[in-house]
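Structure data follow from my_file_19.csv (CSV, C-alpha atoms):
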chain,number,residue,atom,x,y,z
Z,31,MET,CA,-2.3,64.5,86.7
Z,32,ALA,CA,-4.5,61.5,86.0
Z,33,GLU,CA,-2.9,58.1,86.5
Z,34,GLN,CA,-1.8,56.6,83.2
Z,35,SER,CA,-3.9,53.9,81.7
Z,36,PHE,CA,-2.5,51.1,79.6
Z,37,LEU,CA,-4.0,49.6,76.5
Z,38,ILE,CA,-2.3,46.5,75.1
Z,39,PHE,CA,-3.3,44.6,71.9
Z,40,ILE,CA,-2.5,41.0,71.4
Z,41,SER,CA,-3.3,38.9,68.3
Z,42,GLY,CA,-2.3,35.7,66.8
Z,43,GLY,CA,-3.5,32.6,64.9
Z,44,VAL,CA,-5.8,30.0,66.3
Z,45,ARG,CA,-4.2,28.0,69.1
Z,46,SER,CA,-1.2,30.3,69.0
Z,47,GLY,CA,-1.2,30.7,72.8
Z,48,LYS,CA,-2.4,34.3,72.7
Z,49,SER,CA,-5.0,33.9,75.5
Z,50,GLN,CA,-2.4,32.2,77.8
Z,51,PHE,CA,0.0,35.0,77.1
Z,52,ALA,CA,-2.6,37.6,77.6
Z,53,GLU,CA,-3.6,36.1,81.0
Z,54,LYS,CA,0.1,36.0,82.1
Z,55,LEU,CA,0.5,39.6,81.0
Z,56,ALA,CA,-2.6,40.6,83.0
Z,57,VAL,CA,-1.3,38.8,86.1
Z,58,ASP,CA,2.1,40.6,85.7
Z,59,LEU,CA,0.3,44.0,85.3
Z,60,SER,CA,-1.8,43.2,88.4
Z,61,GLY,CA,1.2,43.4,90.7
Z,62,LEU,CA,3.6,40.8,89.7
Z,63,THR,CA,3.1,37.9,92.1
Z,64,PRO,CA,0.0,37.0,94.0
Z,65,ASP,CA,0.1,36.4,97.7
Z,66,ARG,CA,-1.1,33.1,99.3
Z,67,THR,CA,-4.7,34.1,99.2
Z,68,GLY,CA,-4.5,34.7,95.5
Z,69,ASN,CA,-5.1,38.4,95.9
Z,70,THR,CA,-3.1,40.9,93.8
Z,71,PRO,CA,-2.8,44.6,94.3
Z,72,TYR,CA,-5.0,45.1,91.3
Z,73,GLN,CA,-8.2,43.1,90.7
Z,74,LEU,CA,-8.2,40.9,87.6
Z,75,HIS,CA,-11.2,41.0,85.4
Z,76,TYR,CA,-12.0,38.8,82.4
Z,77,ILE,CA,-14.5,39.9,79.8
Z,78,ALA,CA,-15.7,36.8,77.9
Z,79,ALA,CA,-17.2,37.5,74.5
Z,80,GLY,CA,-17.8,33.9,73.6
Z,81,GLN,CA,-21.3,32.4,73.7
Z,82,ALA,CA,-21.9,28.8,74.6
Z,83,SER,CA,-23.9,28.3,71.5
Z,84,ASP,CA,-22.9,24.7,70.9
Z,85,GLU,CA,-20.9,21.8,72.4
Z,86,GLU,CA,-17.7,22.9,70.9
Z,87,MET,CA,-17.9,26.4,72.2
Z,88,LYS,CA,-18.9,25.0,75.6
Z,89,THR,CA,-15.7,22.9,75.7
Z,90,ARG,CA,-13.6,25.9,74.6
Z,91,ILE,CA,-15.1,28.1,77.3
Z,92,LEU,CA,-14.7,25.5,79.9
Z,93,ARG,CA,-11.0,25.0,79.0
Z,94,HIS,CA,-10.4,28.8,79.4
Z,95,GLN,CA,-12.3,28.8,82.7
Z,96,THR,CA,-10.4,25.9,84.1
Z,97,ASP,CA,-7.1,27.5,83.1
Z,98,ARG,CA,-8.1,30.7,85.0
Z,99,HIS,CA,-9.3,28.7,88.0
Z,100,PHE,CA,-6.1,26.7,88.4
Z,101,SER,CA,-4.0,29.8,88.1
Z,102,GLY,CA,-5.0,30.3,91.7
Z,103,LEU,CA,-6.0,33.9,91.1
Z,104,ASN,CA,-9.3,35.6,91.7
Z,105,TRP,CA,-10.6,36.6,88.3
Z,106,ILE,CA,-13.9,38.3,88.1
Z,107,THR,CA,-15.6,37.1,84.9
Z,108,TRP,CA,-18.0,39.3,82.8
Z,109,GLU,CA,-20.1,37.5,80.2
Z,110,GLN,CA,-20.5,40.1,77.5
Z,111,PRO,CA,-21.1,38.6,74.1
Z,112,THR,CA,-22.4,41.9,72.7
Z,113,GLU,CA,-22.7,45.6,73.8
Z,114,LEU,CA,-19.3,46.0,75.4
Z,115,THR,CA,-20.3,49.6,76.0
Z,116,LYS,CA,-22.3,48.3,79.0
Z,117,LEU,CA,-19.0,47.7,80.8
Z,118,SER,CA,-17.8,51.3,80.1
Z,119,GLU,CA,-18.5,52.5,83.6
Z,120,VAL,CA,-17.8,49.5,85.8
Z,121,PHE,CA,-14.0,49.5,86.2
Z,122,SER,CA,-11.7,51.6,88.3
Z,123,LYS,CA,-8.0,52.3,88.6
Z,124,HIS,CA,-7.6,49.2,90.7
Z,125,ASP,CA,-8.6,46.9,87.8
Z,126,VAL,CA,-6.7,45.0,85.2
Z,127,VAL,CA,-9.1,44.0,82.4
Z,128,LEU,CA,-8.7,41.3,79.8
Z,129,LEU,CA,-11.0,41.2,76.8
Z,130,ASP,CA,-11.1,37.9,75.0
Z,131,CYS,CA,-11.7,38.3,72.2
Z,132,LEU,CA,-12.4,41.1,69.8
Z,133,THR,CA,-13.1,38.7,66.9
Z,134,THR,CA,-15.9,37.0,68.8
Z,135,LEU,CA,-17.4,40.3,70.0
Z,136,LEU,CA,-17.5,41.7,66.5
Z,137,ASN,CA,-18.9,38.4,65.2
Z,138,ASN,CA,-21.7,38.6,67.8
Z,139,GLU,CA,-22.5,42.2,67.0
Z,140,PHE,CA,-22.3,41.5,63.2
Z,141,PHE,CA,-25.0,38.8,63.3
Z,142,LYS,CA,-27.1,40.4,66.1
Z,143,GLU,CA,-29.8,40.8,63.6
Z,144,GLU,CA,-30.1,39.1,60.3
Z,145,ASN,CA,-29.3,41.0,57.1
Z,146,LEU,CA,-28.0,44.1,58.8
Z,147,TRP,CA,-24.3,43.4,58.2
Z,148,GLY,CA,-24.4,44.8,54.6
Z,149,ASN,CA,-25.7,48.1,55.8
Z,150,ILE,CA,-22.8,50.7,55.9
Z,151,LEU,CA,-24.4,52.7,58.7
Z,152,PHE,CA,-24.8,49.6,60.8
Z,153,GLN,CA,-21.1,48.7,60.1
Z,154,GLU,CA,-19.9,52.2,61.1
Z,155,GLN,CA,-22.1,52.1,64.2
Z,156,ILE,CA,-20.8,48.7,65.6
Z,157,MET,CA,-17.3,49.8,64.9
Z,158,ALA,CA,-17.7,53.1,66.6
Z,159,GLU,CA,-19.4,51.5,69.6
Z,160,ILE,CA,-16.7,48.9,70.1
Z,161,LEU,CA,-14.0,51.5,69.8
Z,162,GLU,CA,-15.7,53.9,72.2
Z,163,ALA,CA,-16.2,51.1,74.8
Z,164,ILE,CA,-12.5,50.2,74.5
Z,165,GLU,CA,-11.5,53.8,75.0
Z,166,LYS,CA,-13.7,54.3,78.0
Z,167,ILE,CA,-12.7,51.0,79.7
Z,168,THR,CA,-9.0,51.9,79.0
Z,169,SER,CA,-9.2,55.3,80.6
Z,170,SER,CA,-11.1,54.1,83.6
Z,171,CYS,CA,-9.0,51.0,84.5
Z,172,HIS,CA,-5.3,50.4,85.2
Z,173,ALA,CA,-4.8,48.4,82.1
Z,174,LEU,CA,-6.9,46.8,79.4
Z,175,ILE,CA,-5.6,44.0,77.3
Z,176,VAL,CA,-7.5,43.3,74.1
Z,177,VAL,CA,-7.0,39.8,72.5
Z,178,SER,CA,-7.9,39.2,68.8
Z,179,ASN,CA,-7.3,36.9,65.9
Z,180,GLU,CA,-5.2,37.0,62.7
Z,181,VAL,CA,-7.7,36.3,59.9
Z,182,PHE,CA,-6.3,38.5,57.1
Z,183,TYR,CA,-4.0,36.1,55.2
Z,184,ASP,CA,-6.1,34.0,52.9
Z,185,THR,CA,-8.2,34.1,49.7
Z,186,SER,CA,-11.6,34.3,51.4
Z,187,GLY,CA,-12.2,38.0,50.6
Z,188,ASP,CA,-14.2,36.9,47.6
Z,189,GLN,CA,-17.5,36.6,49.5
Z,190,GLU,CA,-19.0,39.9,50.5
Z,191,LEU,CA,-19.9,38.8,54.0
Z,192,ILE,CA,-16.3,37.7,54.8
Z,193,TYR,CA,-14.9,40.7,53.0
Z,194,THR,CA,-17.0,43.0,55.1
Z,195,TYR,CA,-16.2,41.3,58.4
Z,196,LYS,CA,-12.5,41.4,57.6
Z,197,LYS,CA,-12.7,45.0,56.6
Z,198,ILE,CA,-14.3,46.0,59.9
Z,199,LEU,CA,-12.0,43.8,62.0
Z,200,GLY,CA,-8.9,45.1,60.2
Z,201,LYS,CA,-10.0,48.7,60.8
Z,202,LEU,CA,-10.6,48.0,64.5
Z,203,HIS,CA,-7.2,46.3,64.8
Z,204,GLN,CA,-5.5,49.3,63.2
Z,205,LYS,CA,-7.2,51.7,65.5
Z,206,VAL,CA,-6.6,49.7,68.6
Z,207,VAL,CA,-2.9,49.3,67.7
Z,208,ALA,CA,-2.6,53.0,67.0
Z,209,LYS,CA,-3.9,53.8,70.5
Z,210,ALA,CA,-2.1,50.9,72.3
Z,211,GLN,CA,1.1,51.4,74.2
Z,212,LYS,CA,2.1,47.9,73.3
Z,213,ALA,CA,1.1,45.5,70.6
Z,214,TYR,CA,2.1,41.8,70.4
Z,215,LEU,CA,1.8,39.2,67.7
Z,216,VAL,CA,1.9,35.7,69.2
Z,217,GLU,CA,3.4,33.0,67.0
Z,218,SER,CA,3.2,29.4,68.4
Z,219,GLY,CA,3.4,30.6,71.9
Z,220,ILE,CA,6.1,33.2,71.3
Z,221,PRO,CA,5.0,36.8,71.8
Z,222,LEU,CA,6.6,39.2,69.3
Z,223,LEU,CA,6.6,42.8,70.5
Z,224,MET,CA,5.5,44.8,67.5
Z,225,LYS,CA,5.0,48.1,69.2
Z,226,GLY,CA,6.1,49.7,72.4
Z,227,GLY,CA,9.3,49.6,74.5
Z,228,LYS,CA,10.4,47.1,77.0
Z,229,SER,CA,9.1,48.7,80.2
Z,230,ILE,CA,5.5,49.4,81.2
S,213,MET,CA,11.6,49.2,43.7
S,214,HIS,CA,9.9,48.7,47.0
S,215,PHE,CA,7.5,45.8,47.8
S,216,VAL,CA,5.0,46.2,50.7
S,217,THR,CA,3.0,43.2,51.8
S,218,GLY,CA,1.1,41.9,54.8
S,219,GLY,CA,-2.5,40.8,55.5
S,220,ALA,CA,-5.6,42.4,54.0
S,221,PHE,CA,-6.9,45.5,55.8
S,222,ASN,CA,-3.6,46.0,57.7
S,223,GLY,CA,-3.0,49.6,56.6
S,224,LYS,CA,-0.4,48.9,53.9
S,225,SER,CA,-1.6,51.7,51.6
S,226,LYS,CA,-1.9,54.2,54.4
S,227,TRP,CA,1.6,53.3,55.5
S,228,VAL,CA,3.0,53.9,52.0
S,229,LYS,CA,1.2,57.3,51.8
S,230,GLU,CA,2.7,58.3,55.1
S,231,TYR,CA,6.2,56.9,54.6
S,232,TYR,CA,6.6,58.5,51.1
S,233,GLN,CA,4.7,61.7,52.2
S,234,LEU,CA,2.7,61.4,49.1
S,235,ASN,CA,0.8,64.6,50.0
S,236,ASN,CA,3.9,66.5,49.1
S,237,THR,CA,5.1,64.4,46.2
S,238,HIS,CA,4.0,64.0,42.6
S,239,TYR,CA,2.8,60.5,42.3
S,240,GLU,CA,0.6,58.1,40.3
S,241,TRP,CA,-1.6,55.6,42.2
S,242,ILE,CA,-2.7,52.7,40.1
S,243,SER,CA,-5.1,50.5,42.0
S,244,ALA,CA,-6.3,47.1,40.9
S,245,TYR,CA,-9.1,47.5,43.4
S,246,GLN,CA,-10.4,50.3,41.3
S,247,ARG,CA,-10.2,48.1,38.2
S,248,LYS,CA,-7.3,50.1,36.8
S,249,ALA,CA,-5.2,48.1,34.3
S,250,VAL,CA,-1.6,47.2,35.1
S,251,PRO,CA,0.8,49.5,33.2
S,252,GLU,CA,1.9,47.2,30.4
S,253,LYS,CA,4.6,47.2,27.6
S,254,SER,CA,5.3,50.4,25.7
S,255,GLU,CA,3.1,52.5,28.0
S,256,ARG,CA,5.7,54.2,30.1
S,257,PRO,CA,4.7,54.4,33.7
S,258,GLY,CA,3.4,57.9,33.9
S,259,SER,CA,5.2,61.1,34.6
S,260,GLY,CA,5.0,60.7,38.4
S,261,SER,CA,8.2,60.5,40.4
S,262,VAL,CA,6.5,57.8,42.5
S,263,ILE,CA,4.3,55.1,41.0
S,264,VAL,CA,2.3,53.0,43.3
S,265,LEU,CA,0.8,49.7,42.1
S,266,GLU,CA,-1.8,48.7,44.7
S,267,GLY,CA,-3.5,45.3,45.1
S,268,ILE,CA,-1.4,43.4,42.5
S,269,GLU,CA,-3.0,40.2,43.7
S,270,MET,CA,-6.2,41.3,41.9
S,271,TRP,CA,-4.4,41.5,38.6
S,272,VAL,CA,-3.2,38.0,39.2
S,273,LYS,CA,-6.7,36.9,39.9
S,274,ASP,CA,-7.8,38.1,36.5
S,275,TRP,CA,-4.9,36.4,34.8
S,276,VAL,CA,-5.6,33.1,36.5
S,277,GLU,CA,-8.8,33.0,34.4
S,278,ILE,CA,-7.0,33.2,31.1
S,279,PHE,CA,-3.3,32.2,31.5
S,280,GLU,CA,-1.4,29.2,32.7
S,281,VAL,CA,0.7,29.6,35.9
S,282,HIS,CA,4.0,29.8,34.0
S,283,GLU,CA,2.6,32.4,31.6
S,284,ILE,CA,1.5,34.6,34.5
S,285,ARG,CA,4.9,34.3,36.1
S,286,GLU,CA,6.7,35.2,32.9
S,287,LYS,CA,4.4,38.1,32.3
S,288,TRP,CA,5.0,39.4,35.7
S,289,GLN,CA,8.8,39.0,35.5
S,290,ASP,CA,8.7,40.8,32.2
S,291,LEU,CA,6.8,43.7,33.8
S,292,LEU,CA,9.2,43.8,36.7
S,293,ARG,CA,12.1,44.1,34.3
S,294,GLN,CA,10.4,47.0,32.6
S,295,TRP,CA,9.8,48.8,35.8
S,296,VAL,CA,13.4,48.2,37.0
S,297,GLU,CA,14.6,49.5,33.7
S,298,TRP,CA,12.4,52.6,34.0
S,299,GLU,CA,13.8,53.3,37.5
S,300,LYS,CA,17.3,53.0,36.1
S,301,GLN,CA,16.6,55.6,33.5
S,302,HIS,CA,15.0,57.9,36.0
S,303,PRO,CA,17.1,57.7,39.1
S,304,LEU,CA,14.8,59.9,41.2
S,305,CYS,CA,11.8,57.8,40.4
S,306,LYS,CA,10.5,54.8,42.3
S,307,VAL,CA,8.0,52.0,41.8
S,308,ILE,CA,6.2,50.8,44.9
S,309,ILE,CA,4.3,47.6,44.8
S,310,ILE,CA,1.6,46.6,47.3
S,311,GLY,CA,0.2,43.1,47.6
S,312,ASN,CA,-2.0,41.2,50.1
S,313,ASP,CA,-0.5,38.1,51.6
S,314,LEU,CA,-2.9,35.3,50.6
S,315,SER,CA,-0.7,32.5,51.8
S,316,LYS,CA,-1.8,31.6,55.3
S,317,GLY,CA,-5.3,30.3,55.1
S,318,ILE,CA,-6.5,26.7,54.7
S,319,VAL,CA,-6.2,25.2,51.2
S,320,PRO,CA,-9.1,26.6,49.2
S,321,ILE,CA,-11.6,24.0,47.9
S,322,ASP,CA,-11.8,25.8,44.6
S,323,ALA,CA,-9.0,25.0,42.1
S,324,LYS,CA,-9.0,28.5,40.7
S,325,GLN,CA,-8.5,29.9,44.1
S,326,ARG,CA,-5.6,27.5,44.8
S,327,LYS,CA,-4.0,28.5,41.5
S,328,TRP,CA,-4.5,32.1,42.4
S,329,ARG,CA,-2.8,31.9,45.8
S,330,ASP,CA,0.0,29.7,44.4
S,331,VAL,CA,0.9,32.0,41.6
S,332,THR,CA,0.5,35.1,43.8
S,333,GLY,CA,3.1,33.6,46.2
S,334,TRP,CA,5.5,32.9,43.4
S,335,ILE,CA,5.2,36.4,41.9
S,336,TYR,CA,5.7,37.9,45.3
S,337,GLN,CA,9.0,36.0,45.5
S,338,ASP,CA,9.9,37.4,42.1
S,339,THR,CA,8.9,40.9,43.3
S,340,VAL,CA,11.1,40.6,46.4
S,341,SER,CA,14.1,39.6,44.1
S,342,ALA,CA,13.5,42.7,42.0
S,343,SER,CA,13.1,45.1,45.0
S,344,GLN,CA,15.7,47.0,46.9
S,345,ARG,CA,13.4,47.1,49.9
S,346,VAL,CA,10.6,44.9,51.3
S,347,ASP,CA,8.3,45.8,54.2
S,348,LEU,CA,5.7,43.8,56.1
S,349,VAL,CA,2.9,46.0,57.5
S,350,TRP,CA,0.9,44.8,60.5
S,351,TYR,CA,-1.9,47.1,61.5
S,352,GLY,CA,0.1,50.2,60.4
S,353,ILE,CA,3.4,49.0,61.8
S,354,ASN,CA,6.1,48.3,59.3
S,355,GLN,CA,8.9,45.7,59.7
S,356,GLN,CA,11.6,45.9,57.1
S,357,ILE,CA,12.4,42.3,56.0
S,358,GLY,CA,14.5,42.9,53.0

Entire entry expressed as structure tokens:
Amino acid sequence: MAEQSFLIFISGGVRSGKSQFAEKLAVDLSGLTPDRTGNTPYQLHYIAAGQASDEEMKTRILRHQTDRHFSGLNWITWEQPTELTKLSEVFSKHDVVLLDCLTTLLNNEFFKEENLWGNILFQEQIMAEILEAIEKITSSCHALIVVSNEVFYDTSGDQELIYTYKKILGKLHQKVVAKAQKAYLVESGIPLLMKGGKSI
Amino acid sequence: MHFVTGGAFNGKSKWVKEYYQLNNTHYEWISAYQRKAVPEKSERPGSGSVIVLEGIEMWVKDWVEIFEVHEIREKWQDLLRQWVEWEKQHPLCKVIIIGNDLSKGIVPIDAKQRKWRDVTGWIYQDTVSASQRVDLVWYGINQQIG
């Protein structure tokens, strides 16, 4: 029987501590505590979807990088702002993978080319590609943790662009949560377990 | 009466269809997203044993254009009373109300939008008061909160 793969979904508001929680969870899943060399039984991987497009993004990315560096663990970072599917084949059962974050990845895909976002076929295609990549990475690695954002609680659905983006992201979240063994909502640093039992 | 809320695109309607097994039940689905009118006075809610009112925030959005906040709230409370009464007269029947939570974004710049989200929040509180059960749905997972 094939070894089981884990898919875990984590979302929360901006600055809710969801990334820190996701990193901690990844470390736990990688074999609890690292030895003195920073090595863990499973290799930690970080898929960064953010693009350093301006100074603010650069600062945010740097903060995440510094956090990971000072954790003393050996993370391997993959810069993948689009085309997650390119990483479908690179992981093995010895890997714990953290994708941060789905919101940014979808955003980058959404605006890859101007004026395409309104096209239904294009929407279906980017959604299917992201889901397929998530499924492939999940089944090839030990565990995949997907981080995303809560953006569904305001009045901004009026504009077609925002409505469409939210619709696709919402559908992706529903599908990922349906496949995930565990799903967490992080509120001000407190992870609420929304799906899945205590043990993993 | 059963109120189901949560963020947009979180699978609330899908959850309602599955929870009430609507495939096997006689029901009436009245969706504000399909520009259906809210079932008002004198019109009985239809013959369905389950009546689902979907996207109630969109009715509020229309009312915001023509009514004052207190008028909208009174109108909604009046409707709630009628549906509760209808449920009493038909003990096997149920009204299910689905509404998007609009309350957790930044303050909208546009005054109409502020009015819309304010009054939506208040009528949700009224709806909770009139309901026997309240669920929050988060990506297809329900949490009973009342």

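Interface residues on chain Z toward chain S (cut-off 7 Å, only C-alpha atoms): Phe182, Tyr183, Asp184, Thr185, Lys197, Gly200, Lys201, His203, Gln204 and Val207 of chain Z.
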
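For the pair atom CA of Z:Tyr193 and atom CA of S:Val272, the interatomic distance is 18.3 Å.
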
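For the point (-7.4, 43.3, 84.2) in file coordinates, the residues within 8 Å, using only C-alpha atoms, are Ala56, Val57, Leu59, Ser60, Tyr72, Gln73, Leu74, His75, Tyr76, Asp125, Val126, Val127, Leu128, Cys171, His172, Ala173, Leu174 and Ile175 of chain Z.
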
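Taking atom CA of S:Tyr232 and atom CA of S:Asp347 as the two end points, the separation is 13.2 Å.
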
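Going from atom CA of S:Val346 to atom CA of S:Lys306 covers 13.4 Å.
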
S:Ile284 environment, 10 Å, all atoms listed in the file, sequence neighbours closer than 6 positions dropped, as an MDAnalysis selection string: chainID S and resid 271:272 275:276 278 290 331:332 334:335

S:Gly267 environment, 6 Å, all atoms listed in the file, sequence neighbours closer than 6 positions dropped, as a list in words: Ala244, Ile310 and Gly311 of chain S

Test item: residues at most 12 Å from stretch 292-296 of chain S, all atoms listed in the file, excluding those fewer than 6 positions along its chain, as a ChimeraX atom specification: /S:213-215,250-258,262-265,285-286,302-303,305-309,335-344

Residues within 7 Å of Z:Gln110, all atoms listed in the file, excluding chain neighbours under 5 positions, as a count of residues only: 3

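Near (0.1, 39.6, 73.8), the residues that fall inside 7 Å on the basis of only C-alpha atoms are Phe39, Ile40, Ser41, Lys48, Phe51, Ala52, Ala213, Tyr214, Leu215, Val216 and Pro221 of chain Z.
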
Residues within 10 Å of Z:Arg98, all atoms listed in the file, excluding chain neighbours under 5 positions, as a PyMOL selection string: chain Z and resi 50+53+76+92-93+103-105+107
